[in-house]
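K.L.:
For reference, the structure I am asking about is given below.
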Amino acid sequence: MLSDSVSLFSELSLPMFLAMFWHAVIFEIPRFFVSVLVVAGARCMRPPRLQGQRSHKISILLPGHNEGASLRKTVEGLREQTLGDAQMVVVDDGSTDDMATVGRQLQREGTVQCFLSTGLRGGKSAAANLGLIHTSGDIIIIADIDTSFDRDAIEQIVAPFSDPRVGAVSGNIAVRNKRASLLSRFQAIQYLQSISLGRMVTNMLDTVFIASGAFAAFRKEALVSIGGWEVGPGEDADITIKLRRAGWAVRFQPDAWALTDVPETLGALVRQRLRWNRSLIRIRVRKFRGMFNPFLPNFSLKNVLGTADILFFQALLPAGFFVYLIWLFGYYGVFAWTIILVVSMAYIIASTVSFIAAVSVAGHYGDLRLLPYVPGYALFNAYVLRAVSVYAYLDELMFRKSYQDTYVPSRVLKQADKF
């Protein structure tokens with residue numbers, strides 16, 4: 001069988017090769033070349049590290065639920081930032097642990113200027129909107145309480161606001177607990193590729209469509225003008241799209257680093273990705289489908305291209321991959337296993353190049369220690385995470401499961417607008 005496979009591949013004409021590997025040619029190879037071009041462009045065109053504008057008044061908003069164990073450490077870490085004198089607003093979203101006790105103590109110490117406790121959980125968006133009312137800064141930085149930051153992260157993330165057109169800036173996020181498990185190492189690789197490298201691409205094209213709630217900054221004027229955050233899940237994408245549709249620019253700041261913990265078990269990771277991918281259908285396909293309508297007054301070609309890029313690579317690519325696998329077995333029979341082996345090797349090579357490119361762009365060369373895990377990640381991403389994505393898309397399209405997500409209390413979801 002091996003000799004037959006070698007013989008067949010050696011006799012392939014270009015049209016036959018393209019027919020056999022059409023999915024890689026259409027979907028995968030373009031992404032590979034984009035990664036290489038971005039590295040070259042970043043090397044030649046990347047501006048020097050920016051300095052934050054001291055003229056801005058900054059408020060740091062920390063909404064959280066059951067974050068008593070992390071709150072003090074996070075607040076004290078933020079007080080060590082190079083750009084100091086920020087107002088600290090903490091919102092306890094109906095916690096059942098000691099978060100309220102810790103928060104009140106921090107307020108008495110003067111470390112936190114404003115502490116609010118709802119007593120009843122309403123979800124992250126409700127907590128963020130409550131906190132927004134009590135902020136005094138013209139730049140609002142929102143972060144997850146279990147996140148840690150480089151000492152100049154705040155200074156870096158506010159720097160792009162020197163441009164009055166900028167309404168939001170997304171920070172750069174890496175994995176803090178990458179040594180915890182094999183899956184956390186895989187996610188560390190993915191964050192480097194999709195955030196540090198991927199958002200560098202979208203930033204260069206002015207198509208940044210996500211300001212991560214784990215670490216992002218907003219111009220308060222812009223936030224208020226669009227009504228703040230709406231009910232999640234998917235509130236990060238939702239608010240970013242609303243800002244872009246309102247005419248505000250959204251930037252990615254690669255030098256504003258934050259570290260976050262990721263799921264360490266398969267079950268926790270699958271639940272997270274189901275929530276994320278259901279939100280893609282709910283927000284981008286249903287709620288903002290009018291973005292493709294050229295007759296609407298706020299139509300933007302960049303918004304169309306950015307949304308199309310997300311739907312193409314995050315939805316069509318995984319769905320097309322499984323259509324491709326079914327087609328392979330239907331057309332080639334048992335020989336399809338040989339083709340899949342070749343495709344898998346190609347994924348490993350492309351992912352390795354992309355990972356090295358991401359490390360080069362990020363400048364975190366210590367992450368090269370993750371290189372031995374890249375082959376495993378490439379296969380896990382191709383065959384497991386894509387399957388999770390496709391399941392989530394179908395689940396949301398048919399059953400609207402995002403409205404049953406425990407990320408937001410059910411009584412809140414029942415009152416939310418349905419799309």
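Chain identifiers are assigned as A, B, and so on, following the order in which chains appear in the structure tokens; residues are numbered from 1 within each chain, and ligands are numbered from 1 in order of appearance.
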Give me the residues within 10 Å of segment 60-67 of chain A as a PyMOL selection string, counting only C-alpha atoms and dropping any in the same chain fewer than 3 places off.

P.N.:
chain A and resi 70-72+74-75+78+86-100+102-103+112+114-117+121-132+134-137+139-146+154+214+217

K.L.:
So what do you get for atom CA of Phe335 of chain A versus atom CA of Val25 of chain A, distance-wise?

P.N.:
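Between these atoms lies a distance of 19.7 Å.
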
K.L.:
Restricting the calculation to only C-alpha atoms: of A:Asn203, A:Ser194, A:Asn298, A:Thr101, which residue gets closest to Phe313 of chain A?

P.N.:
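That would be A:Ser194, the residue with the smallest distance to Phe313 of chain A.
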
K.L.:
Leaving out Thr202 of chain A and any residue of its chain fewer than 2 positions from it, which residues lie within 12 Å of it when counting only C-alpha atoms, given as a ChimeraX atom specification?

P.N.:
/A:34-35,38,170,194-200,204-210,250-254,302-303,305-307,309-310

K.L.:
Would you save the residues from that selection as a CSV table (one decimal), in the first residue's frame, using N, CA and C atoms?

P.N.:
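Writing the result to selection.csv gives the following:
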```csv
chain,number,residue,atom,x,y,z
A,34,VAL,N,0.1,34.6,4.7
A,34,VAL,CA,-0.2,35.9,5.4
A,34,VAL,C,0.6,36.0,6.7
A,35,SER,N,0.8,34.8,7.4
A,35,SER,CA,1.7,34.9,8.6
A,35,SER,C,3.1,35.3,8.3
A,38,VAL,N,3.2,39.0,7.4
A,38,VAL,CA,3.0,39.9,8.6
A,38,VAL,C,4.3,40.0,9.3
A,170,SER,N,-7.6,46.9,22.2
A,170,SER,CA,-7.5,45.5,22.8
A,170,SER,C,-6.0,45.3,23.2
A,194,SER,N,-3.2,33.3,17.4
A,194,SER,CA,-4.5,33.9,17.1
A,194,SER,C,-4.5,35.4,17.6
A,195,ILE,N,-3.8,35.7,18.7
A,195,ILE,CA,-3.9,37.0,19.3
A,195,ILE,C,-2.6,37.8,18.9
A,196,SER,N,-1.5,37.3,19.4
A,196,SER,CA,-0.2,38.1,19.1
A,196,SER,C,0.0,38.3,17.6
A,197,LEU,N,-0.2,37.2,16.8
A,197,LEU,CA,0.0,37.3,15.4
A,197,LEU,C,-1.2,37.7,14.6
A,198,GLY,N,-2.3,37.0,14.9
A,198,GLY,CA,-3.6,37.2,14.2
A,198,GLY,C,-4.1,38.6,14.3
A,199,ARG,N,-4.1,39.2,15.5
A,199,ARG,CA,-4.6,40.6,15.7
A,199,ARG,C,-3.6,41.6,15.1
A,200,MET,N,-2.3,41.2,15.0
A,200,MET,CA,-1.4,42.1,14.3
A,200,MET,C,-1.8,42.3,12.9
A,204,MET,N,-3.1,45.8,11.2
A,204,MET,CA,-2.5,46.4,10.0
A,204,MET,C,-3.6,46.8,9.0
A,205,LEU,N,-4.7,45.9,8.9
A,205,LEU,CA,-5.7,46.1,7.9
A,205,LEU,C,-6.9,47.0,8.5
A,206,ASP,N,-6.8,47.4,9.7
A,206,ASP,CA,-7.8,48.2,10.4
A,206,ASP,C,-9.1,47.4,10.4
A,207,THR,N,-9.0,46.2,10.8
A,207,THR,CA,-10.2,45.3,10.9
A,207,THR,C,-10.3,44.6,12.2
A,208,VAL,N,-9.8,45.2,13.3
A,208,VAL,CA,-9.9,44.6,14.6
A,208,VAL,C,-11.3,44.6,15.1
A,209,PHE,N,-11.9,43.4,15.3
A,209,PHE,CA,-13.3,43.2,15.6
A,209,PHE,C,-13.5,42.6,17.0
A,210,ILE,N,-12.5,42.6,17.9
A,210,ILE,CA,-12.7,42.1,19.2
A,210,ILE,C,-11.8,42.8,20.2
A,250,VAL,N,-11.0,50.9,16.2
A,250,VAL,CA,-10.6,49.9,17.2
A,250,VAL,C,-9.2,49.5,16.9
A,251,ARG,N,-8.3,49.5,17.9
A,251,ARG,CA,-6.9,49.1,17.7
A,251,ARG,C,-6.5,48.0,18.6
A,252,PHE,N,-5.4,47.3,18.1
A,252,PHE,CA,-4.7,46.3,18.9
A,252,PHE,C,-3.4,46.8,19.3
A,253,GLN,N,-3.1,46.7,20.6
A,253,GLN,CA,-1.8,47.2,21.1
A,253,GLN,C,-0.9,46.0,21.5
A,254,PRO,N,0.0,45.6,20.7
A,254,PRO,CA,0.8,44.4,20.9
A,254,PRO,C,1.7,44.5,22.1
A,302,LYS,N,-14.9,48.2,5.2
A,302,LYS,CA,-13.9,47.5,6.1
A,302,LYS,C,-14.6,46.6,7.1
A,303,ASN,N,-15.8,47.1,7.6
A,303,ASN,CA,-16.6,46.2,8.5
A,303,ASN,C,-17.1,44.9,7.8
A,305,LEU,N,-15.5,43.5,5.2
A,305,LEU,CA,-14.3,42.6,5.0
A,305,LEU,C,-13.9,42.0,6.3
A,306,GLY,N,-13.9,42.7,7.4
A,306,GLY,CA,-13.5,42.1,8.7
A,306,GLY,C,-14.5,41.0,9.2
A,307,THR,N,-15.8,41.2,9.0
A,307,THR,CA,-16.7,40.2,9.4
A,307,THR,C,-16.6,39.0,8.5
A,309,ASP,N,-14.0,38.0,6.9
A,309,ASP,CA,-12.8,37.3,7.3
A,309,ASP,C,-13.0,36.4,8.5
A,310,ILE,N,-13.7,36.9,9.5
A,310,ILE,CA,-14.0,36.1,10.7
A,310,ILE,C,-14.9,34.9,10.4
```

K.L.:
How far is it from atom CA of Arg275 of chain A to atom CA of Leu259 of chain A, in Å with one decimal?

P.N.:
21.0 Å

K.L.:
Report, in Å to a single decimal, how far apart atom CA of Ser212 of chain A and atom CA of Asp236 of chain A are.

P.N.:
5.7 Å

K.L.:
Per residue of segment 228-303 of chain A within 10 Å of segment 177-188 of chain A, note the shortest atom pair and the distance in Å to one decimal, counting only C-alpha atoms, and order the rows by chain and increasing residue number, as a Markdown table.

P.N.:
```
| residue | atom | partner | partner_atom | distance |
| --- | --- | --- | --- | --- |
| A:Leu259 | CA | A:Asn177 | CA | 8.7 |
| A:Thr260 | CA | A:Asn177 | CA | 7.5 |
| A:Asp261 | CA | A:Asn177 | CA | 5.4 |
| A:Val262 | CA | A:Ser184 | CA | 6.4 |
| A:Pro263 | CA | A:Ser184 | CA | 6.7 |
| A:Glu264 | CA | A:Ser184 | CA | 5.5 |
| A:Thr265 | CA | A:Leu183 | CA | 6.8 |
| A:Leu266 | CA | A:Leu183 | CA | 7.3 |
| A:Leu269 | CA | A:Leu183 | CA | 8.3 |
```

K.L.:
Could you tell me, as a compact mmCIF listing (two decimals) with N, CA and C atoms, in the first residue's frame, which residues of segment 120-353 of chain A DSSP assigns to strand (DSSP E) when given the backbone?

P.N.:
```
# COMPACT_ATOMS: atom_id res chain seq x y z
N ILE A 139 -10.77 57.57 30.02
CA ILE A 139 -10.39 56.27 29.46
C ILE A 139 -10.75 55.20 30.49
N ILE A 140 -11.51 54.20 30.06
CA ILE A 140 -11.96 53.13 30.94
C ILE A 140 -11.24 51.85 30.55
N ILE A 141 -10.50 51.29 31.48
CA ILE A 141 -9.83 50.01 31.26
C ILE A 141 -10.61 48.93 31.99
N ILE A 142 -11.03 47.91 31.28
CA ILE A 142 -11.76 46.81 31.89
C ILE A 142 -10.90 45.55 31.81
N ALA A 143 -10.89 44.79 32.89
CA ALA A 143 -10.06 43.59 32.94
C ALA A 143 -10.72 42.55 33.82
N SER A 148 -3.21 39.08 35.33
CA SER A 148 -2.03 39.83 35.78
C SER A 148 -1.44 40.58 34.60
N PHE A 149 -0.63 41.60 34.89
CA PHE A 149 -0.22 42.54 33.85
C PHE A 149 1.27 42.84 33.91
N VAL A 166 -9.94 56.90 17.93
CA VAL A 166 -9.90 55.58 18.56
C VAL A 166 -10.91 55.51 19.70
N GLY A 167 -11.79 54.50 19.63
CA GLY A 167 -12.78 54.30 20.68
C GLY A 167 -12.47 53.15 21.59
N ALA A 168 -11.62 52.21 21.12
CA ALA A 168 -11.28 51.04 21.94
C ALA A 168 -9.93 50.50 21.52
N VAL A 169 -9.24 49.90 22.49
CA VAL A 169 -7.94 49.27 22.25
C VAL A 169 -7.94 47.91 22.93
N SER A 170 -7.56 46.89 22.20
CA SER A 170 -7.46 45.54 22.75
C SER A 170 -6.03 45.26 23.16
N GLY A 171 -5.85 44.72 24.35
CA GLY A 171 -4.52 44.36 24.81
C GLY A 171 -4.07 43.02 24.26
N ASN A 172 -2.80 42.71 24.48
CA ASN A 172 -2.22 41.44 24.06
C ASN A 172 -2.31 40.47 25.23
N ILE A 173 -2.81 39.28 24.99
CA ILE A 173 -3.08 38.34 26.08
C ILE A 173 -2.31 37.05 25.86
N ALA A 174 -1.62 36.60 26.89
CA ALA A 174 -0.89 35.34 26.86
C ALA A 174 -1.38 34.46 28.01
N VAL A 175 -0.97 33.20 27.97
CA VAL A 175 -1.43 32.22 28.95
C VAL A 175 -0.48 32.18 30.15
N PHE A 215 -8.78 42.14 28.95
CA PHE A 215 -7.93 43.33 29.05
C PHE A 215 -8.17 44.21 27.83
N ALA A 216 -8.93 45.27 28.03
CA ALA A 216 -9.21 46.21 26.95
C ALA A 216 -9.42 47.60 27.53
N ALA A 217 -9.29 48.60 26.68
CA ALA A 217 -9.49 49.99 27.10
C ALA A 217 -10.48 50.66 26.16
N PHE A 218 -11.30 51.55 26.72
CA PHE A 218 -12.34 52.22 25.94
C PHE A 218 -12.34 53.71 26.27
N ARG A 219 -12.64 54.50 25.26
CA ARG A 219 -12.91 55.91 25.50
C ARG A 219 -14.32 56.01 26.09
N ALA A 249 -12.76 53.96 15.69
CA ALA A 249 -11.69 53.02 15.31
C ALA A 249 -11.36 52.13 16.51
N VAL A 250 -10.98 50.89 16.21
CA VAL A 250 -10.59 49.93 17.25
C VAL A 250 -9.18 49.46 16.92
N ARG A 251 -8.30 49.50 17.90
CA ARG A 251 -6.90 49.15 17.69
C ARG A 251 -6.49 47.96 18.56
N PHE A 252 -5.41 47.32 18.14
CA PHE A 252 -4.75 46.28 18.93
C PHE A 252 -3.39 46.82 19.34
N GLN A 253 -3.07 46.73 20.63
CA GLN A 253 -1.78 47.22 21.13
C GLN A 253 -0.92 46.01 21.52
N PRO A 254 0.02 45.61 20.66
CA PRO A 254 0.80 44.39 20.91
C PRO A 254 1.72 44.47 22.12
N ASP A 255 2.04 45.68 22.57
CA ASP A 255 2.97 45.83 23.70
C ASP A 255 2.26 45.93 25.05
N ALA A 256 0.92 45.87 25.05
CA ALA A 256 0.16 45.92 26.31
C ALA A 256 -0.17 44.48 26.72
N TRP A 257 0.70 43.89 27.54
CA TRP A 257 0.61 42.47 27.84
C TRP A 257 -0.14 42.19 29.14
N ALA A 258 -1.02 41.20 29.05
CA ALA A 258 -1.71 40.67 30.23
C ALA A 258 -1.65 39.15 30.17
N LEU A 259 -1.66 38.53 31.33
CA LEU A 259 -1.62 37.07 31.43
C LEU A 259 -2.92 36.58 32.06
N THR A 260 -3.49 35.54 31.48
CA THR A 260 -4.73 34.98 32.00
C THR A 260 -4.62 33.47 32.11
```

K.L.:
Need the shell around Leu317 of chain A: protein/DNA/RNA residues with any atom at most 9 Å away, counting only C-alpha atoms. Skip same-chain ones fewer than 6 positions apart. Format as an MDAnalysis selection string?

P.N.:
chainID A and resid 23 27:28 311 386

K.L.:
Could you pull out the alpha helix (DSSP H) residues of segment 178-341 of chain A, going by DSSP on the backbone, and write them as a PyMOL selection string?

P.N.:
chain A and resi 182-191+198-204+220-225+235-245+266-279+301-311+317-332+336-341

K.L.:
For C-alpha atoms, I'd like the residues from the last selection saved as a PDB file, in the first residue's frame.

P.N.:
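Saved the output as result_22.pdb:
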```pdb
ATOM      1  CA  LEU A 182      -0.871  19.554  27.977  1.00  0.00           C
ATOM      2  CA  LEU A 183      -4.054  21.403  27.002  1.00  0.00           C
ATOM      3  CA  SER A 184      -2.884  24.646  28.604  1.00  0.00           C
ATOM      4  CA  ARG A 185       0.315  24.404  26.545  1.00  0.00           C
ATOM      5  CA  PHE A 186      -1.773  23.922  23.412  1.00  0.00           C
ATOM      6  CA  GLN A 187      -3.780  27.034  24.295  1.00  0.00           C
ATOM      7  CA  ALA A 188      -0.599  29.032  24.913  1.00  0.00           C
ATOM      8  CA  ILE A 189       0.415  28.215  21.341  1.00  0.00           C
ATOM      9  CA  GLN A 190      -3.028  29.150  20.059  1.00  0.00           C
ATOM     10  CA  TYR A 191      -3.062  32.490  21.893  1.00  0.00           C
ATOM     11  CA  GLY A 198      -3.561  37.224  14.192  1.00  0.00           C
ATOM     12  CA  ARG A 199      -4.576  40.565  15.652  1.00  0.00           C
ATOM     13  CA  MET A 200      -1.377  42.103  14.347  1.00  0.00           C
ATOM     14  CA  VAL A 201      -2.753  41.264  10.896  1.00  0.00           C
ATOM     15  CA  THR A 202      -6.181  42.740  11.570  1.00  0.00           C
ATOM     16  CA  ASN A 203      -4.617  45.814  13.156  1.00  0.00           C
ATOM     17  CA  MET A 204      -2.543  46.446  10.040  1.00  0.00           C
ATOM     18  CA  LYS A 220     -15.729  56.670  27.938  1.00  0.00           C
ATOM     19  CA  GLU A 221     -17.392  58.997  25.464  1.00  0.00           C
ATOM     20  CA  ALA A 222     -17.590  56.116  22.987  1.00  0.00           C
ATOM     21  CA  LEU A 223     -18.912  53.642  25.569  1.00  0.00           C
ATOM     22  CA  VAL A 224     -21.661  55.980  26.715  1.00  0.00           C
ATOM     23  CA  SER A 225     -22.653  56.849  23.140  1.00  0.00           C
ATOM     24  CA  GLU A 235     -20.402  40.891  24.898  1.00  0.00           C
ATOM     25  CA  ASP A 236     -16.780  41.555  23.881  1.00  0.00           C
ATOM     26  CA  ALA A 237     -17.531  41.114  20.183  1.00  0.00           C
ATOM     27  CA  ASP A 238     -20.881  42.860  20.545  1.00  0.00           C
ATOM     28  CA  ILE A 239     -19.499  46.087  21.985  1.00  0.00           C
ATOM     29  CA  THR A 240     -16.602  46.166  19.510  1.00  0.00           C
ATOM     30  CA  ILE A 241     -18.954  45.844  16.555  1.00  0.00           C
ATOM     31  CA  LYS A 242     -21.222  48.573  17.940  1.00  0.00           C
ATOM     32  CA  LEU A 243     -18.247  50.904  18.292  1.00  0.00           C
ATOM     33  CA  ARG A 244     -17.092  50.258  14.735  1.00  0.00           C
ATOM     34  CA  ARG A 245     -20.607  50.757  13.367  1.00  0.00           C
ATOM     35  CA  LEU A 266     -10.783  18.918  28.199  1.00  0.00           C
ATOM     36  CA  GLY A 267     -14.265  19.331  29.655  1.00  0.00           C
ATOM     37  CA  ALA A 268     -13.636  22.915  30.767  1.00  0.00           C
ATOM     38  CA  LEU A 269     -12.031  23.798  27.432  1.00  0.00           C
ATOM     39  CA  VAL A 270     -14.921  22.345  25.426  1.00  0.00           C
ATOM     40  CA  ARG A 271     -17.477  24.274  27.498  1.00  0.00           C
ATOM     41  CA  GLN A 272     -15.544  27.502  26.943  1.00  0.00           C
ATOM     42  CA  ARG A 273     -15.245  26.978  23.188  1.00  0.00           C
ATOM     43  CA  LEU A 274     -18.905  26.023  22.835  1.00  0.00           C
ATOM     44  CA  ARG A 275     -19.810  29.350  24.443  1.00  0.00           C
ATOM     45  CA  TRP A 276     -17.398  31.319  22.275  1.00  0.00           C
ATOM     46  CA  ASN A 277     -18.487  29.696  19.025  1.00  0.00           C
ATOM     47  CA  ARG A 278     -22.209  29.908  19.733  1.00  0.00           C
ATOM     48  CA  SER A 279     -21.665  33.627  20.243  1.00  0.00           C
ATOM     49  CA  LEU A 301     -16.564  48.145   3.471  1.00  0.00           C
ATOM     50  CA  LYS A 302     -13.914  47.523   6.150  1.00  0.00           C
ATOM     51  CA  ASN A 303     -16.587  46.216   8.500  1.00  0.00           C
ATOM     52  CA  VAL A 304     -17.835  43.898   5.771  1.00  0.00           C
ATOM     53  CA  LEU A 305     -14.344  42.614   5.011  1.00  0.00           C
ATOM     54  CA  GLY A 306     -13.524  42.138   8.701  1.00  0.00           C
ATOM     55  CA  THR A 307     -16.730  40.222   9.381  1.00  0.00           C
ATOM     56  CA  ALA A 308     -16.315  38.147   6.235  1.00  0.00           C
ATOM     57  CA  ASP A 309     -12.769  37.272   7.314  1.00  0.00           C
ATOM     58  CA  ILE A 310     -14.006  36.066  10.717  1.00  0.00           C
ATOM     59  CA  LEU A 311     -16.847  34.015   9.244  1.00  0.00           C
ATOM     60  CA  LEU A 317     -12.930  26.693   7.424  1.00  0.00           C
ATOM     61  CA  PRO A 318     -13.840  24.108  10.102  1.00  0.00           C
ATOM     62  CA  ALA A 319     -17.132  23.238   8.393  1.00  0.00           C
ATOM     63  CA  GLY A 320     -15.388  22.891   5.044  1.00  0.00           C
ATOM     64  CA  PHE A 321     -12.717  20.683   6.594  1.00  0.00           C
ATOM     65  CA  PHE A 322     -15.214  18.026   7.640  1.00  0.00           C
ATOM     66  CA  VAL A 323     -16.975  18.240   4.286  1.00  0.00           C
ATOM     67  CA  TYR A 324     -13.537  17.659   2.778  1.00  0.00           C
ATOM     68  CA  LEU A 325     -12.940  14.584   4.962  1.00  0.00           C
ATOM     69  CA  ILE A 326     -16.305  13.100   3.986  1.00  0.00           C
ATOM     70  CA  TRP A 327     -15.561  13.786   0.322  1.00  0.00           C
ATOM     71  CA  LEU A 328     -12.135  12.131   0.622  1.00  0.00           C
ATOM     72  CA  PHE A 329     -13.537   8.851   1.894  1.00  0.00           C
ATOM     73  CA  GLY A 330     -16.395   8.927  -0.584  1.00  0.00           C
ATOM     74  CA  TYR A 331     -14.085   9.504  -3.552  1.00  0.00           C
ATOM     75  CA  TYR A 332     -10.847   7.731  -2.590  1.00  0.00           C
ATOM     76  CA  ALA A 336      -8.165   8.688   1.984  1.00  0.00           C
ATOM     77  CA  TRP A 337      -6.170   7.734   5.105  1.00  0.00           C
ATOM     78  CA  THR A 338      -2.949   8.330   3.194  1.00  0.00           C
ATOM     79  CA  ILE A 339      -4.168  11.715   2.010  1.00  0.00           C
ATOM     80  CA  ILE A 340      -5.176  12.628   5.568  1.00  0.00           C
ATOM     81  CA  LEU A 341      -1.684  11.697   6.746  1.00  0.00           C
TER      82      LEU A 341
END
```
